[in-house]
Amino acid sequence: MRIDIVSLFPSMFEGPFDTSMLKKAKDKALVEINIHNLRDWAEDKHKTVDDRPYGGGPGMVIRVDVVQRAISNLQLSIFNKKKSKIILLSPQGKTFDQAKARELSKLEHIILLAGHYEGFDERIHEHLVDEEISIGNYVLTGGELPAMVITDAVVRLLPGVLEEEARENESFSSGENLDYPVYTRPEDFKGWKVPDILRTGDHKKITEWRAEKANKKTELKKIS
């Protein structure tokens, strides 16, 4: 898989993508992640990517022509542009979830557009992207953090990144259940004890107990 992220602040991605699971996935050539500065596709000497909104109003708006050049250039760099999916990270998009992560993990190429300032020219929404995604009903400074969240959630689902058992046992991996509670040493800390069932060695009963606890945790989450 290849993921291209277009941002006005590419330096924000230097740390998160060079540690832990994402670094291992890149080192094993399971994913190629490229970070691009949108200003690279600006054509004036000042590298302008935004302008004042027509009709007046606060803030600056990211220009459609600059974004179109970025998308076209990135699509030309792959063999078949029909296999690209262009995603705009936007608070008005569909809320990201595990089902969407699984869907995106099956693609060959994803372009993530991270916005800033007052937003994108509406023609970008209408004509240049395949879909818009939000990571929640709250306001962020830009699309960089959503791009990191989506990349992490998608890459961990790629074959070979995590062991199959670990991936399947994670929260939300099967259906929408949360994870079961886990414990480690010490066995007794200030009177807070590890459940007896986990020390029996009876794997069938332990599996049943974990499923029950995961279901209960999920139901409590839905109620709250």
# chains A, B, ... in the order shown; residues from 1 in each chain; ligands from 1
$ residues_around --residues "A:Leu140" --least-positions-apart "4" --cutoff "12 Å" --atoms "only C-alpha atoms" --output "VMD selection string"
chain A and resid 89 to 91 114 to 119 134 to 136 144 to 147
$ closest_atom_pairs --of "stretch 44-142 of chain A" --to "stretch 16-35 of chain A" --cutoff "10 Å" --atoms "only C-alpha atoms" --output "CSV"
residue,atom,partner,partner_atom,distance
A:Glu108,CA,A:Val31,CA,9.5
A:His109,CA,A:Glu32,CA,9.5
A:Ile110,CA,A:Ile33,CA,9.7
A:Ile111,CA,A:Asn34,CA,9.6
A:Leu112,CA,A:Ile35,CA,9.7
$ select_by_dssp --residues "stretch 62-103 of chain A" --states "helix (DSSP H, G or I)" --output "ChimeraX atom specification"
/A:64-76,81-83,98-103
$ residues_around --residues "A:Glu43" --least-positions-apart "2" --cutoff "12 Å" --atoms "only C-alpha atoms" --output "list in words"
Leu38, Arg39, Asp40, Trp41, Lys45, His46, Lys47, Thr48, Val49, Asp50, Arg63, Asp65, Val66, Val67, Arg69 and Ala70 of chain A
